[in-house]
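Q: Structure supplied as run_25.cif; contents: mmCIF, C-alpha atoms and all ligand atoms.
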```
data_work
loop_
_atom_site.label_atom_id
_atom_site.label_comp_id
_atom_site.auth_asym_id
_atom_site.auth_seq_id
_atom_site.Cartn_x
_atom_site.Cartn_y
_atom_site.Cartn_z
CA MET A 1 35.82 -39.38 -28.55
CA GLN A 2 37.69 -37.42 -25.88
CA PRO A 3 36.25 -37.83 -22.37
CA ALA A 4 34.52 -34.64 -21.21
CA PRO A 5 36.86 -32.52 -19.07
CA VAL A 6 36.12 -32.76 -15.34
CA PRO A 7 34.61 -29.44 -14.22
CA TYR A 8 36.55 -27.55 -11.55
CA ARG A 9 35.11 -27.96 -8.09
CA GLY A 10 36.61 -26.36 -5.00
CA ARG A 11 35.57 -26.22 -1.37
CA PHE A 12 35.95 -24.46 1.97
CA ALA A 13 35.89 -26.77 4.98
CA PRO A 14 35.82 -24.94 8.33
CA SER A 15 35.78 -26.69 11.69
CA PRO A 16 33.05 -25.16 13.86
CA THR A 17 35.35 -24.36 16.77
CA GLY A 18 34.34 -20.68 16.90
CA PRO A 19 33.34 -17.74 14.74
CA LEU A 20 35.05 -17.27 11.40
CA HIS A 21 38.30 -15.36 11.91
CA PHE A 22 40.59 -13.70 9.43
CA GLY A 23 42.65 -16.83 8.74
CA SER A 24 39.49 -18.73 7.78
CA LEU A 25 38.24 -15.85 5.66
CA LEU A 26 41.50 -15.97 3.72
CA ALA A 27 40.95 -19.68 2.98
CA ALA A 28 37.30 -19.06 2.09
CA LEU A 29 38.10 -16.17 -0.26
CA GLY A 30 41.14 -17.89 -1.80
CA SER A 31 39.26 -21.10 -2.55
CA TRP A 32 36.22 -19.15 -3.83
CA LEU A 33 38.37 -17.02 -6.17
CA MET A 34 40.21 -20.03 -7.58
CA ALA A 35 36.88 -21.77 -8.25
CA ARG A 36 35.16 -18.74 -9.76
CA ARG A 37 38.18 -17.87 -11.86
CA ALA A 38 38.16 -21.41 -13.29
CA GLY A 39 34.41 -21.09 -14.02
CA GLY A 40 33.82 -23.86 -11.49
CA GLU A 41 31.74 -24.58 -8.42
CA TRP A 42 32.52 -23.84 -4.80
CA LEU A 43 31.16 -25.99 -1.97
CA VAL A 44 31.20 -25.68 1.81
CA ARG A 45 31.69 -28.55 4.23
CA ILE A 46 31.36 -28.22 7.99
CA GLU A 47 34.02 -30.39 9.62
CA ASP A 48 32.15 -31.11 12.84
CA LEU A 49 33.96 -34.33 13.70
CA ASP A 50 35.16 -33.52 17.17
CA PRO A 51 32.27 -32.66 19.54
CA PRO A 52 34.48 -31.60 22.50
CA ARG A 53 36.19 -28.94 20.37
CA GLU A 54 32.96 -27.66 18.86
CA VAL A 55 31.26 -24.50 19.99
CA PRO A 56 27.46 -24.78 19.89
CA GLY A 57 26.03 -22.54 17.18
CA ALA A 58 29.44 -21.95 15.56
CA ALA A 59 28.61 -23.75 12.29
CA ARG A 60 25.47 -21.65 11.85
CA ALA A 61 27.40 -18.48 12.66
CA GLN A 62 30.16 -19.38 10.17
CA LEU A 63 27.60 -19.96 7.40
CA ARG A 64 25.91 -16.66 8.26
CA THR A 65 29.25 -14.89 8.04
CA LEU A 66 30.03 -16.43 4.65
CA HIS A 67 26.67 -15.18 3.36
CA ALA A 68 27.27 -11.71 4.77
CA PHE A 69 30.59 -11.70 2.92
CA GLY A 70 28.91 -12.73 -0.36
CA LEU A 71 30.57 -16.17 -0.33
CA VAL A 72 27.59 -18.37 -1.09
CA PRO A 73 28.09 -22.11 -1.72
CA ASP A 74 26.84 -23.63 -4.97
CA GLY A 75 25.29 -26.71 -3.39
CA GLU A 76 24.06 -28.19 -0.12
CA VAL A 77 26.41 -27.78 2.82
CA MET A 78 27.90 -31.13 3.85
CA TYR A 79 28.20 -31.94 7.58
CA GLN A 80 30.82 -34.47 8.60
CA SER A 81 28.83 -35.41 11.72
CA ARG A 82 26.29 -37.06 9.36
CA ARG A 83 28.86 -39.01 7.34
CA GLY A 84 29.72 -41.82 9.74
CA GLU A 85 28.49 -44.58 7.42
CA ALA A 86 30.75 -43.44 4.58
CA TYR A 87 33.78 -43.29 6.91
CA GLN A 88 32.94 -46.72 8.30
CA ALA A 89 32.69 -48.17 4.78
CA ALA A 90 36.12 -46.75 3.87
CA LEU A 91 37.59 -48.04 7.13
CA ASP A 92 36.12 -51.51 6.57
CA ARG A 93 37.72 -51.66 3.12
CA LEU A 94 41.11 -50.68 4.51
CA LEU A 95 40.84 -53.23 7.32
CA ALA A 96 39.72 -55.98 4.93
CA SER A 97 42.65 -55.36 2.58
CA GLY A 98 45.13 -55.29 5.48
CA ALA A 99 46.03 -51.64 4.80
CA ALA A 100 44.68 -50.66 8.22
CA PHE A 101 45.01 -52.33 11.60
CA THR A 102 43.65 -52.12 15.11
CA CYS A 103 46.15 -50.58 17.50
CA HIS A 104 46.22 -50.94 21.28
CA CYS A 105 49.25 -48.70 21.87
CA SER A 106 48.90 -46.08 24.58
CA ARG A 107 50.15 -42.51 24.52
CA ALA A 108 53.07 -43.60 26.71
CA ASP A 109 54.01 -46.37 24.20
CA LEU A 110 54.03 -43.80 21.41
CA ALA A 111 55.98 -41.22 23.37
CA VAL A 112 58.94 -43.61 23.42
CA ALA A 113 58.94 -43.54 19.60
CA LYS A 114 58.50 -39.72 19.60
CA GLY A 115 54.93 -40.13 18.40
CA VAL A 116 55.90 -42.03 15.22
CA HIS A 117 54.12 -45.40 15.23
CA ARG A 118 56.12 -48.14 13.49
CA ALA A 119 54.99 -51.28 15.31
CA CYS A 120 52.56 -52.19 18.04
CA VAL A 121 54.36 -52.95 21.30
CA ALA A 122 53.39 -55.66 23.75
CA HIS A 123 50.96 -54.22 26.29
CA ALA A 124 47.53 -54.56 27.71
CA ARG A 125 44.71 -54.63 25.19
CA ARG A 126 42.53 -51.55 25.52
CA PRO A 127 38.75 -51.78 25.30
CA ASP A 128 38.67 -48.92 22.78
CA PRO A 129 41.56 -49.50 20.34
CA ALA A 130 42.40 -46.99 17.63
CA VAL A 131 42.57 -47.91 13.94
CA ARG A 132 45.68 -46.87 12.05
CA LEU A 133 46.76 -46.91 8.43
CA GLN A 134 49.88 -48.97 7.88
CA VAL A 135 52.70 -46.96 6.33
CA PRO A 136 55.28 -49.43 4.95
CA ASP A 137 59.00 -48.77 5.35
CA GLY A 138 60.31 -46.51 2.62
CA THR A 139 56.93 -44.88 1.83
CA SER A 140 57.73 -41.58 0.16
CA ILE A 141 54.92 -39.39 -1.15
CA ALA A 142 55.52 -36.60 -3.64
CA PHE A 143 53.02 -34.09 -4.99
CA GLU A 144 53.10 -30.76 -6.76
CA ASP A 145 51.44 -27.93 -4.88
CA ARG A 146 50.25 -25.22 -7.23
CA LEU A 147 51.49 -22.47 -4.91
CA ARG A 148 54.22 -24.06 -2.80
CA GLY A 149 55.87 -26.15 -5.55
CA GLY A 150 57.12 -29.73 -5.28
CA VAL A 151 56.66 -31.40 -1.88
CA ARG A 152 58.02 -34.78 -0.81
CA GLN A 153 57.57 -36.48 2.54
CA ARG A 154 58.97 -39.73 3.92
CA LEU A 155 55.75 -40.81 5.61
CA ASP A 156 57.25 -43.77 7.43
CA LEU A 157 59.96 -41.70 9.11
CA GLU A 158 58.16 -38.39 9.65
CA VAL A 159 54.61 -39.53 10.42
CA GLY A 160 54.42 -43.29 10.87
CA ASP A 161 51.22 -45.38 10.86
CA PHE A 162 48.58 -42.71 11.31
CA VAL A 163 45.21 -42.77 13.03
CA LEU A 164 42.00 -43.22 11.04
CA ARG A 165 39.71 -43.66 14.00
CA ARG A 166 40.77 -42.44 17.40
CA ALA A 167 40.83 -44.63 20.49
CA ASP A 168 38.11 -42.54 22.09
CA GLY A 169 35.87 -43.08 19.04
CA PRO A 170 35.89 -40.05 16.71
CA TRP A 171 36.89 -40.31 13.07
CA ALA A 172 40.25 -38.78 12.29
CA TYR A 173 40.35 -35.68 10.11
CA GLN A 174 42.66 -37.43 7.59
CA LEU A 175 40.14 -40.16 6.80
CA ALA A 176 37.09 -37.89 6.74
CA VAL A 177 38.69 -35.26 4.52
CA VAL A 178 39.81 -37.82 1.94
CA VAL A 179 36.43 -39.60 1.82
CA ASP A 180 34.54 -36.30 1.59
CA ASP A 181 36.77 -34.60 -0.98
CA ALA A 182 36.17 -37.66 -3.19
CA GLU A 183 32.42 -37.77 -2.46
CA GLN A 184 32.03 -34.07 -3.31
CA GLY A 185 34.08 -34.46 -6.50
CA ILE A 186 36.63 -31.84 -5.43
CA THR A 187 39.16 -31.27 -8.22
CA GLU A 188 41.36 -28.79 -6.35
CA VAL A 189 41.85 -28.37 -2.61
CA VAL A 190 42.68 -24.75 -1.77
CA ARG A 191 43.33 -24.14 1.94
CA GLY A 192 45.77 -22.64 4.44
CA ALA A 193 49.42 -23.60 4.36
CA ASP A 194 49.09 -24.97 7.91
CA LEU A 195 47.59 -28.06 6.24
CA LEU A 196 50.44 -28.57 3.76
CA ASP A 197 51.93 -31.02 6.24
CA SER A 198 48.80 -33.22 6.17
CA THR A 199 48.66 -33.49 2.40
CA ALA A 200 51.09 -36.38 1.90
CA ARG A 201 49.01 -38.46 4.35
CA GLN A 202 45.89 -37.64 2.36
CA VAL A 203 47.52 -38.54 -0.97
CA PHE A 204 48.69 -41.86 0.46
CA LEU A 205 45.23 -42.60 1.83
CA GLN A 206 43.67 -41.78 -1.56
CA GLN A 207 46.06 -44.28 -3.12
CA ARG A 208 45.10 -46.93 -0.58
CA LEU A 209 41.38 -46.31 -1.21
CA GLY A 210 41.78 -46.18 -4.99
CA LEU A 211 40.56 -42.56 -5.10
CA ALA A 212 41.73 -39.81 -7.45
CA THR A 213 44.15 -37.26 -6.01
CA PRO A 214 42.89 -33.70 -6.51
CA ALA A 215 45.21 -30.78 -7.23
CA TYR A 216 46.43 -28.89 -4.16
CA ALA A 217 47.12 -25.21 -3.52
CA HIS A 218 48.14 -24.06 -0.04
CA LEU A 219 47.48 -20.39 0.55
CA PRO A 220 49.70 -17.92 2.41
CA LEU A 221 49.31 -18.15 6.15
CA ALA A 222 48.14 -15.14 8.16
CA LEU A 223 50.36 -14.74 11.23
CA GLU A 224 50.55 -12.50 14.27
CA ALA A 225 52.80 -9.45 13.94
CA ASP A 226 55.53 -11.36 15.82
CA GLY A 227 55.40 -14.24 13.33
CA THR A 228 53.53 -16.71 15.53
CA LYS A 229 50.33 -18.52 14.53
CA LEU A 230 47.09 -16.54 14.78
CA SER A 231 45.84 -17.06 18.29
CA LYS A 232 43.04 -15.59 20.34
CA SER A 233 44.66 -12.16 20.15
CA CYS A 234 43.49 -9.31 17.97
CA ALA A 235 44.42 -10.74 14.55
CA ALA A 236 42.30 -13.81 15.27
CA LEU A 237 39.23 -11.86 16.32
CA PRO A 238 36.08 -12.81 14.43
CA VAL A 239 35.53 -10.95 11.19
CA ASP A 240 32.61 -8.54 11.38
CA ASP A 241 29.41 -9.63 9.56
CA ALA A 242 28.16 -6.04 9.69
CA ASP A 243 31.24 -4.65 7.93
CA PRO A 244 32.71 -7.22 5.51
CA VAL A 245 34.52 -4.88 3.14
CA PRO A 246 37.66 -4.05 5.20
CA ALA A 247 38.32 -7.72 5.99
CA LEU A 248 37.74 -8.71 2.35
CA ARG A 249 40.28 -6.08 1.28
CA ARG A 250 42.83 -7.37 3.79
CA ALA A 251 42.29 -10.96 2.65
CA TRP A 252 42.70 -9.85 -0.98
CA VAL A 253 46.05 -8.26 -0.17
CA GLY A 254 47.07 -11.35 1.83
CA LEU A 255 46.47 -13.34 -1.35
CA GLY A 256 49.13 -11.20 -3.06
CA GLN A 257 46.61 -9.17 -5.06
CA ASP A 258 46.67 -5.50 -6.02
CA PRO A 259 44.52 -3.43 -3.59
CA ALA A 260 44.04 -0.65 -6.15
CA VAL A 261 41.61 -2.70 -8.27
CA LEU A 262 39.11 -2.75 -5.38
CA SER A 263 39.33 0.89 -4.42
CA GLY A 264 36.05 2.75 -4.06
CA LEU A 265 33.92 -0.40 -3.89
CA ARG A 266 31.57 -0.36 -0.93
CA SER A 267 29.58 -3.62 -0.98
CA PRO A 268 30.92 -7.17 -0.68
CA GLN A 269 29.08 -8.12 -3.89
CA ALA A 270 30.69 -5.30 -5.90
CA LEU A 271 34.04 -6.08 -4.37
CA LEU A 272 33.83 -9.80 -5.14
CA ALA A 273 32.69 -9.16 -8.72
CA ALA A 274 35.71 -6.93 -9.30
CA ALA A 275 37.96 -9.40 -7.49
CA VAL A 276 37.00 -12.31 -9.76
CA CYS A 277 37.84 -10.25 -12.86
CA ALA A 278 41.13 -8.94 -11.48
CA PHE A 279 42.30 -12.09 -9.65
CA ASP A 280 45.84 -12.94 -10.71
CA PRO A 281 46.88 -16.52 -9.84
CA GLU A 282 50.51 -15.67 -10.77
CA ALA A 283 50.58 -12.93 -8.13
CA LEU A 284 49.17 -15.41 -5.63
CA ALA A 285 51.87 -17.94 -6.54
CA SER A 286 54.61 -15.38 -5.93
CA ALA A 287 53.08 -13.97 -2.70
CA PRO A 288 55.08 -14.69 0.49
CA ALA A 289 54.12 -17.98 2.17
CA SER A 290 53.10 -16.06 5.30
CA PHE A 291 52.32 -12.47 6.27
CA ALA A 292 51.46 -10.49 9.39
CA ALA A 293 47.71 -9.94 9.60
CA ALA A 294 47.30 -6.67 11.49
CA HIS A 295 43.80 -6.13 12.83
CA ASN A 296 41.62 -3.04 12.48
CA THR A 297 43.53 -1.67 9.55
CA ASP A 298 42.35 -1.38 5.98
CA ALA A 299 44.31 -2.62 2.98
CA THR A 300 46.39 0.57 2.92
CA GLY A 301 47.48 0.02 6.49
CA HIS A 302 45.44 2.91 7.94
CA ALA A 303 43.66 2.32 11.19
N1 LIG A 401 38.64 -28.21 8.89
C1 LIG A 401 40.00 -27.80 8.67
C2 LIG A 401 40.27 -26.50 9.39
O1 LIG A 401 39.33 -25.75 9.66
C3 LIG A 401 40.32 -27.59 7.21
C4 LIG A 401 40.43 -28.83 6.49
C5 LIG A 401 40.79 -28.73 5.02
O2 LIG A 401 40.59 -27.66 4.40
O3 LIG A 401 41.24 -29.73 4.50
O4 LIG A 401 41.41 -26.21 9.67
#
```
Any chance you could put this one into structure tokens?
Ligand code: GLU
A:
Amino acid sequence: MQPAPVPYRGRFAPSPTGPLHFGSLLAALGSWLMARRAGGEWLVRIEDLDPPREVPGAARAQLRTLHAFGLVPDGEVMYQSRRGEAYQAALDRLLASGAAFTCHCSRADLAVAKGVHRACVAHARRPDPAVRLQVPDGTSIAFEDRLRGGVRQRLDLEVGDFVLRRADGPWAYQLAVVVDDAEQGITEVVRGADLLDSTARQVFLQQRLGLATPAYAHLPLALEADGTKLSKSCAALPVDDADPVPALRRAWVGLGQDPAVLSGLRSPQALLAAAVCAFDPEALASAPASFAAAHNTDATGHA
């Protein structure tokens, strides 16, 4: 008998560092569309790993915004701040197998090697060492991104032994994301292209932990008009819970989709229903890798 096919499961994983802005909406809508189009589930995970960077109330506000936009998760929201035991268990396994090691290097030690850790240097032992994953010489990770094509990275030369638990205590994003994508049974990770660069690390960590590697699709990146990353300026302003339709239209166009199929639709629910039917993954695959996200304009460019 053939094993039953694994059902598609996608996710959106915001960090609660502020209200949801247009770049996050693009990742939310893109991952939701890919999941719905595949007849699969869509989950939300709050990546609240880094208390100093968190804004109180931001996670609740982000979830409220998703609801206002009609993007409703299919299961319980996962919070990374409650997942310490699972991260510890993964770390213990890596330490026990010798794949991870305790590192006493300081920032100054690393600066000499341009931030790429290849070997611990002789120095004072710190009371709060970091834990790193060992990346052996010659480690080359290749994966196929559904939207960006084939990607290969020499992890030893470009990244080095990377942090799993930081010296000041918090779990590193790379460890948490890998453990949680596996725990939630994510079959395809759909997120912004700013995270393409992290993916090889995550694939390597999955290999070290004996976890399956999901499929990956890195969405086009919304940029400022001058081509720089969305910052606190107008394009990065929070999306408006009271008026979701214009932002949904802009995100749809950013995903390389035809604005005409959504014309005349006035509610987020009607718009999303039409979007699922009309969503064209081929158009998304051929959309530019980045685009200027003008604010306060609708999909036709009118103010
Ligand atoms: N929490 C990350 C962010 O908001 C996203 C992580 C991911 O999708 O893997 O940028």
Q: Measure the distance from atom C4 of ligand LIG 401 (chain A) to atom CA of A:Phe12 in Å and round it to one decimal.
A: 7.7 Å
Q: Restricting the calculation to only C-alpha atoms and all ligand atoms, which member of A:Ala285, A:Val112, A:Val190, A:Ala90 is positioned closest to ligand LIG 401 (chain A)?
A: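 Closest candidate: A:Val190.
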Q: Residues within 9 Å of A:Ala182, please, as a PyMOL selection string. Count all atoms listed in the file; anything in the same chain fewer than 6 positions from it doesn't count.
A: chain A and resi 206+211-214
Q: Atom CA of A:Pro136 and atom C2 of ligand LIG 401 (chain A), how far apart in Å?
A: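 Spanning atom C2 of ligand LIG 401 (chain A) to atom CA of A:Pro136 is a straight-line distance of 27.8 Å.
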Q: Compute the distance from (30.1, -19.0, 1.6) to each atom, counting all atoms listed in the file, keep the residues with any atom at most 9 Å away, and return them as a ChimeraX atom specification; use the coordinates of the file.
A: /A:12,28-29,32,42-44,62-74
Q: Could you list, as an MDAnalysis selection string, all the residues within 9 Å of ligand LIG 401 (chain A), counting only C-alpha atoms and all ligand atoms?
A: chainID A and resid 11:17 24 27 45:48 173:174 177:178 181 189:192 194:195 198:199
Q: Kindly indicate which residue among A:Arg37, A:Ala96, A:Glu224, A:Gly149 lies nearest to A:Ala273, using all atoms listed in the file for the distances.
A: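 Selected residue with least distance to A:Ala273: A:Arg37.
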Q: Distance atom CA of A:Ala142-atom CA of A:Leu164, one decimal place?
A: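 Calculated distance between atom CA of A:Ala142 and atom CA of A:Leu164 is 21.0 Å.
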Q: Determine the nearest neighbour of A:Ala200 from the options A:Pro238, A:Pro5, A:Pro170, A:Gly160, counting all atoms listed in the file.
A: A:Gly160
Q: With only C-alpha atoms as the basis for distance, which of A:Leu49, A:Val135, A:Ala108, A:Leu221 is at the shortest distance from A:Arg165?
A: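 Comparing A:Leu49, A:Val135, A:Ala108, A:Leu221 against A:Arg165, the winner is A:Leu49.
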Q: Which of these residues is nearest to A:Leu155, using only C-alpha atoms: A:Val6, A:Val276, A:Leu205, A:Val121?
A: A:Leu205
Q: Provide stretch 103-114 of chain A rebuilt to all heavy atoms, formatted as a CSV table (one decimal), keeping the file's coordinate frame.
A:
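Generated file (out-v7.csv):
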```csv
chain,number,residue,atom,x,y,z
A,103,CYS,N,44.9,-50.9,16.7
A,103,CYS,CA,46.2,-50.6,17.5
A,103,CYS,C,45.8,-50.3,19.0
A,103,CYS,O,45.0,-49.5,19.3
A,103,CYS,CB,46.8,-49.4,16.9
A,103,CYS,SG,48.2,-48.8,17.8
A,104,HIS,N,46.5,-51.1,19.8
A,104,HIS,CA,46.2,-50.9,21.3
A,104,HIS,C,47.3,-50.1,22.0
A,104,HIS,O,47.3,-50.0,23.2
A,104,HIS,CB,46.2,-52.3,21.9
A,104,HIS,CG,45.0,-53.1,21.5
A,104,HIS,ND1,43.8,-53.2,22.2
A,104,HIS,CD2,44.7,-53.9,20.4
A,104,HIS,CE1,42.9,-53.9,21.6
A,104,HIS,NE2,43.4,-54.4,20.5
A,105,CYS,N,48.2,-49.5,21.2
A,105,CYS,CA,49.2,-48.7,21.9
A,105,CYS,C,48.6,-47.5,22.7
A,105,CYS,O,47.7,-46.9,22.3
A,105,CYS,CB,50.2,-48.1,20.8
A,105,CYS,SG,51.2,-49.4,20.0
A,106,SER,N,49.3,-47.2,23.7
A,106,SER,CA,48.9,-46.1,24.6
A,106,SER,C,49.7,-44.9,24.2
A,106,SER,O,50.7,-45.0,23.5
A,106,SER,CB,49.1,-46.4,26.0
A,106,SER,OG,50.5,-46.5,26.3
A,107,ARG,N,49.4,-43.7,24.7
A,107,ARG,CA,50.2,-42.5,24.5
A,107,ARG,C,51.6,-42.7,25.0
A,107,ARG,O,52.5,-42.2,24.4
A,107,ARG,CB,49.6,-41.4,25.3
A,107,ARG,CG,48.5,-40.6,24.6
A,107,ARG,CD,48.0,-39.5,25.5
A,107,ARG,NE,46.6,-39.2,25.1
A,107,ARG,CZ,46.3,-38.3,24.2
A,107,ARG,NH1,47.3,-37.6,23.6
A,107,ARG,NH2,45.1,-38.0,23.8
A,108,ALA,N,51.7,-43.4,26.1
A,108,ALA,CA,53.1,-43.6,26.7
A,108,ALA,C,53.9,-44.5,25.8
A,108,ALA,O,55.1,-44.2,25.6
A,108,ALA,CB,52.9,-44.3,28.1
A,109,ASP,N,53.3,-45.5,25.2
A,109,ASP,CA,54.0,-46.4,24.2
A,109,ASP,C,54.5,-45.5,23.0
A,109,ASP,O,55.7,-45.7,22.6
A,109,ASP,CB,53.1,-47.4,23.6
A,109,ASP,CG,52.6,-48.4,24.7
A,109,ASP,OD1,53.3,-48.7,25.6
A,109,ASP,OD2,51.4,-48.9,24.5
A,110,LEU,N,53.7,-44.6,22.6
A,110,LEU,CA,54.0,-43.8,21.4
A,110,LEU,C,55.1,-42.8,21.8
A,110,LEU,O,55.9,-42.4,20.9
A,110,LEU,CB,52.8,-43.1,20.9
A,110,LEU,CG,51.9,-43.9,20.0
A,110,LEU,CD1,50.6,-43.3,19.8
A,110,LEU,CD2,52.6,-44.1,18.6
A,111,ALA,N,55.0,-42.3,23.0
A,111,ALA,CA,56.0,-41.2,23.4
A,111,ALA,C,57.4,-41.7,23.2
A,111,ALA,O,58.3,-41.0,22.8
A,111,ALA,CB,55.7,-40.8,24.8
A,112,VAL,N,57.6,-43.0,23.5
A,112,VAL,CA,58.9,-43.6,23.4
A,112,VAL,C,59.5,-43.5,22.0
A,112,VAL,O,60.6,-43.3,21.7
A,112,VAL,CB,58.9,-45.1,23.8
A,112,VAL,CG1,60.2,-45.8,23.7
A,112,VAL,CG2,58.4,-45.2,25.3
A,113,ALA,N,58.5,-43.6,21.0
A,113,ALA,CA,58.9,-43.5,19.6
A,113,ALA,C,58.7,-42.1,19.1
A,113,ALA,O,58.6,-41.9,17.9
A,113,ALA,CB,58.1,-44.5,18.8
A,114,LYS,N,58.7,-41.1,20.0
A,114,LYS,CA,58.5,-39.7,19.6
A,114,LYS,C,57.2,-39.5,18.7
A,114,LYS,O,57.2,-38.7,17.8
A,114,LYS,CB,59.7,-39.2,18.9
A,114,LYS,CG,61.0,-39.2,19.7
A,114,LYS,CD,62.0,-38.2,19.2
A,114,LYS,CE,63.2,-38.0,20.2
A,114,LYS,NZ,64.0,-39.2,20.4
```
